[in-house]
Amino acid sequence: MQHNGVRLVRRVAIALGSAIALGGVPALAQIAPGTSLSLTVAPLVVEFRAAAGDTENATVTVHNGGAQPERIIALRMDWRVAADGSVRVEQPGTEGNASISDYLRMEPDDVVLAPGETRQVQLTLDLPPTFSTATAVYHSGFLVRAVPVSGHVDFGPAATVVAYDTIGTPVAHAKITQLHVSSPAAGTALLSARLLNDGTAYARPTGHLVVRRDDRIVVDETDGIPVLFSGESRVYNKALSGLSPGAYDVSFTVDYGGPTLIEGTTEVQVR
């Protein structure tokens, strides 16, 4: 039913933890199955406010929680989130004018940690005087991997550290452009919402879904939604099951980090 109202390029075969996909979690611990490699990285999101000609620094902490020494390697990357929320890690510079990969470095970017050792590395953004002065949010990051000190493996724990640089004062705003709820099978409902970032700031939104039947709440859930840059759209899908047949009222509210919330409402007849 249509909405009624709107108020790497490098392959890592095991787990790739992503602040992009997870909505900016502060730290991530990964353990590679079949090995004793273990990696914790924090923070996964770094915010800069460097203008042309500025240099800013941040600290990233890496920890070896495994039982053997491991080599930590940091690889510069660009990245993009598709409309369906999937994350694509790209070669540095792929995002063109939106990329700050040429000016971002992590030092050291190749270090060996003993079991239980924690090390702080420096993340530096060094913008040249010729960098754009346009009000916008620029981005890149690092893929941080743990591999054995000796030998060779095609997998290992890894995490993405994403860096944003905001220049000027972008305006945050987003809207719900489509909201549809169907009942594809007995006892189920499927919500599909399309969001559009029509502001100039980036957004890491959260979606709050409330489903009511006869004024009684039967579903009340909040999910993180992958980052949205200016002009981008994102499709959010949510499948529900275990519902009794009948009519339900659906409310979907998005917090995009701006001064207001946006809400879409509709109804669905569950089979």
# chains A, B, ... in the order shown; residues from 1 in each chain; ligands from 1
call {"tool": "select_by_dssp", "arguments": {"residues": "segment 104-178 of chain A", "states": "strand (DSSP E or B)", "output": "MDAnalysis selection string"}}
result
chainID A and resid 104:107 110:113 118:126 136:148 158:167 175:178
call {"tool": "residues_around", "arguments": {"residues": "His139 of chain A", "least_positions_apart": "3", "cutoff": "6 Å", "atoms": "only C-alpha atoms", "output": "list in words"}}
result
Ser99, Ile100, Ala163 and Tyr164 of chain A
call {"tool": "write_last_selection", "arguments": {"atoms": "C-alpha atoms", "output": "short mmCIF file (atom, residue, chain, number, x, y, z; two decimals), in the first residue's frame"}}
result
data_model
loop_
_atom_site.label_atom_id
_atom_site.label_comp_id
_atom_site.auth_asym_id
_atom_site.auth_seq_id
_atom_site.Cartn_x
_atom_site.Cartn_y
_atom_site.Cartn_z
CA SER A 99 37.79 12.09 -1.89
CA ILE A 100 40.44 13.19 0.62
CA ALA A 163 37.23 9.85 7.91
CA TYR A 164 34.97 12.80 7.13
#
call {"tool": "atom_distance", "arguments": {"atom1": "atom CA of Gly207 of chain A", "atom2": "atom CA of Thr160 of chain A"}}
result
23.1 Å
call {"tool": "atom_distance", "arguments": {"atom1": "atom CA of Arg80 of chain A", "atom2": "atom CA of Leu240 of chain A"}}
result
28.2 Å
call {"tool": "select_by_dssp", "arguments": {"residues": "segment 23-172 of chain A", "states": "helix (DSSP H, G or I)", "output": "list of chain:residue names"}}
result
A:Gly96, A:Asn97, A:Ala98, A:Ser101, A:Asp102, A:Tyr103
call {"tool": "atom_distance", "arguments": {"atom1": "atom CA of Thr222 of chain A", "atom2": "atom CA of Val60 of chain A"}}
result
28.7 Å
call {"tool": "residues_around", "arguments": {"residues": "Val121 of chain A", "least_positions_apart": "3", "cutoff": "7 Å", "atoms": "only C-alpha atoms", "output": "list in words"}}
result
Thr59, Val60, Thr61, Met106, Glu107 and Pro108 of chain A
call {"tool": "residues_around", "arguments": {"residues": "Gly65 of chain A", "least_positions_apart": "5", "cutoff": "7 Å", "atoms": "only C-alpha atoms", "output": "JSON, numbers by chain"}}
result
{"A": [38, 39, 115, 116]}
call {"tool": "write_last_selection", "arguments": {"atoms": "all heavy atoms", "output": "short mmCIF file (atom, residue, chain, number, x, y, z; two decimals), in the first residue's frame"}}
result
data_model
loop_
_atom_site.label_atom_id
_atom_site.label_comp_id
_atom_site.auth_asym_id
_atom_site.auth_seq_id
_atom_site.Cartn_x
_atom_site.Cartn_y
_atom_site.Cartn_z
N SER A 38 43.28 -11.72 16.16
CA SER A 38 42.20 -10.93 16.76
C SER A 38 42.58 -9.46 16.67
O SER A 38 43.72 -9.09 16.99
CB SER A 38 41.99 -11.33 18.22
OG SER A 38 41.05 -10.48 18.85
N LEU A 39 41.63 -8.62 16.27
CA LEU A 39 41.91 -7.21 16.06
C LEU A 39 40.78 -6.36 16.62
O LEU A 39 39.61 -6.62 16.34
CB LEU A 39 42.07 -6.93 14.56
CG LEU A 39 42.17 -5.46 14.13
CD1 LEU A 39 43.47 -4.85 14.65
CD2 LEU A 39 42.09 -5.33 12.61
N PRO A 115 51.07 -10.38 21.38
CA PRO A 115 49.79 -10.77 21.97
C PRO A 115 49.42 -9.85 23.13
O PRO A 115 50.24 -9.58 24.01
CB PRO A 115 50.04 -12.20 22.46
CG PRO A 115 51.14 -12.70 21.59
CD PRO A 115 52.02 -11.52 21.31
N GLY A 116 48.21 -9.32 23.10
CA GLY A 116 47.74 -8.44 24.16
C GLY A 116 48.20 -7.00 24.05
O GLY A 116 47.80 -6.15 24.84
#
call {"tool": "residues_around", "arguments": {"residues": "segment 263-267 of chain A", "least_positions_apart": "6", "cutoff": "12 Å", "atoms": "only C-alpha atoms", "output": "NGL selection string"}}
result
:A and (1-7 or 174-183 or 189-195 or 206-214 or 246-256)
call {"tool": "residues_around", "arguments": {"residues": "Pro205 of chain A", "least_positions_apart": "2", "cutoff": "12 Å", "atoms": "only C-alpha atoms", "output": "ChimeraX atom specification"}}
result
/A:20-24,85,172-176,195-197,202-203,207-208,222-229,233-234,236,253-258,261-262
call {"tool": "write_last_selection", "arguments": {"atoms": "C-alpha atoms", "output": "short mmCIF file (atom, residue, chain, number, x, y, z; two decimals), in the first residue's frame"}}
result
data_model
loop_
_atom_site.label_atom_id
_atom_site.label_comp_id
_atom_site.auth_asym_id
_atom_site.auth_seq_id
_atom_site.Cartn_x
_atom_site.Cartn_y
_atom_site.Cartn_z
CA ILE A 20 29.84 2.71 7.26
CA ALA A 21 27.42 -0.18 7.39
CA LEU A 22 27.02 -0.26 11.14
CA GLY A 23 26.22 3.38 11.54
CA GLY A 24 29.42 4.50 13.21
CA GLY A 85 22.85 0.00 1.79
CA ALA A 172 21.33 18.82 7.24
CA HIS A 173 18.02 17.69 5.77
CA ALA A 174 16.45 14.49 4.50
CA LYS A 175 13.02 13.30 3.46
CA ILE A 176 11.04 10.13 2.85
CA LEU A 195 15.11 8.23 1.79
CA LEU A 196 16.68 11.22 0.06
CA ASN A 197 19.35 13.48 1.51
CA TYR A 202 25.91 14.06 5.26
CA ALA A 203 23.58 12.00 7.43
CA GLY A 207 14.81 4.56 11.45
CA HIS A 208 12.15 3.92 14.09
CA THR A 222 14.99 1.08 15.74
CA ASP A 223 17.68 0.40 13.12
CA GLY A 224 20.74 2.24 11.91
CA ILE A 225 20.75 3.22 8.23
CA PRO A 226 24.02 3.50 6.26
CA VAL A 227 25.44 6.96 5.66
CA LEU A 228 23.78 9.26 3.13
CA PHE A 229 25.78 11.96 1.36
CA SER A 233 19.05 8.14 -1.83
CA ARG A 234 18.83 5.00 0.25
CA TYR A 236 15.47 0.73 3.71
CA THR A 253 10.20 7.91 11.71
CA VAL A 254 13.68 8.93 10.58
CA ASP A 255 16.19 10.85 12.66
CA TYR A 256 18.77 12.20 10.20
CA GLY A 257 20.69 14.28 12.74
CA GLY A 258 18.96 17.56 11.87
CA LEU A 261 12.34 14.23 12.61
CA ILE A 262 10.55 13.03 9.49
#
call {"tool": "residues_around", "arguments": {"residues": "Thr135 of chain A", "least_positions_apart": "4", "cutoff": "9 Å", "atoms": "only C-alpha atoms", "output": "short mmCIF file (atom, residue, chain, number, x, y, z; two decimals) with N, CA and C atoms, in the first residue's frame"}}
result
data_model
loop_
_atom_site.label_atom_id
_atom_site.label_comp_id
_atom_site.auth_asym_id
_atom_site.auth_seq_id
_atom_site.Cartn_x
_atom_site.Cartn_y
_atom_site.Cartn_z
N THR A 166 34.50 18.15 7.09
CA THR A 166 33.43 19.10 6.81
C THR A 166 34.03 20.48 6.62
N ILE A 167 33.74 21.08 5.49
CA ILE A 167 34.20 22.44 5.20
C ILE A 167 32.96 23.34 5.11
N GLY A 168 33.03 24.47 5.81
CA GLY A 168 31.89 25.37 5.86
C GLY A 168 30.83 24.84 6.81
N THR A 169 29.59 25.24 6.57
CA THR A 169 28.47 24.84 7.43
C THR A 169 27.38 24.22 6.57
N PRO A 170 27.52 22.95 6.21
CA PRO A 170 26.48 22.30 5.40
C PRO A 170 25.16 22.22 6.17
N THR A 200 22.92 19.59 2.32
CA THR A 200 24.32 19.62 1.87
C THR A 200 25.25 18.93 2.86
N ALA A 201 24.74 18.58 4.05
CA ALA A 201 25.52 17.81 5.02
C ALA A 201 25.30 16.33 4.77
#
call {"tool": "closest_residue", "arguments": {"among": "A:Ser140, A:Asn64, A:Thr118, A:Ser36", "to": "Gly93 of chain A", "atoms": "only C-alpha atoms"}}
result
A:Ser140
call {"tool": "closest_residue", "arguments": {"among": "A:Ala52, A:Leu243, A:Val162, A:Val235", "to": "Ala83 of chain A", "atoms": "only C-alpha atoms"}}
result
A:Val235
call {"tool": "closest_residue", "arguments": {"among": "A:Asp215, A:Asp198, A:Asp54, A:Asp109", "to": "Ile73 of chain A", "atoms": "only C-alpha atoms"}}
result
A:Asp109
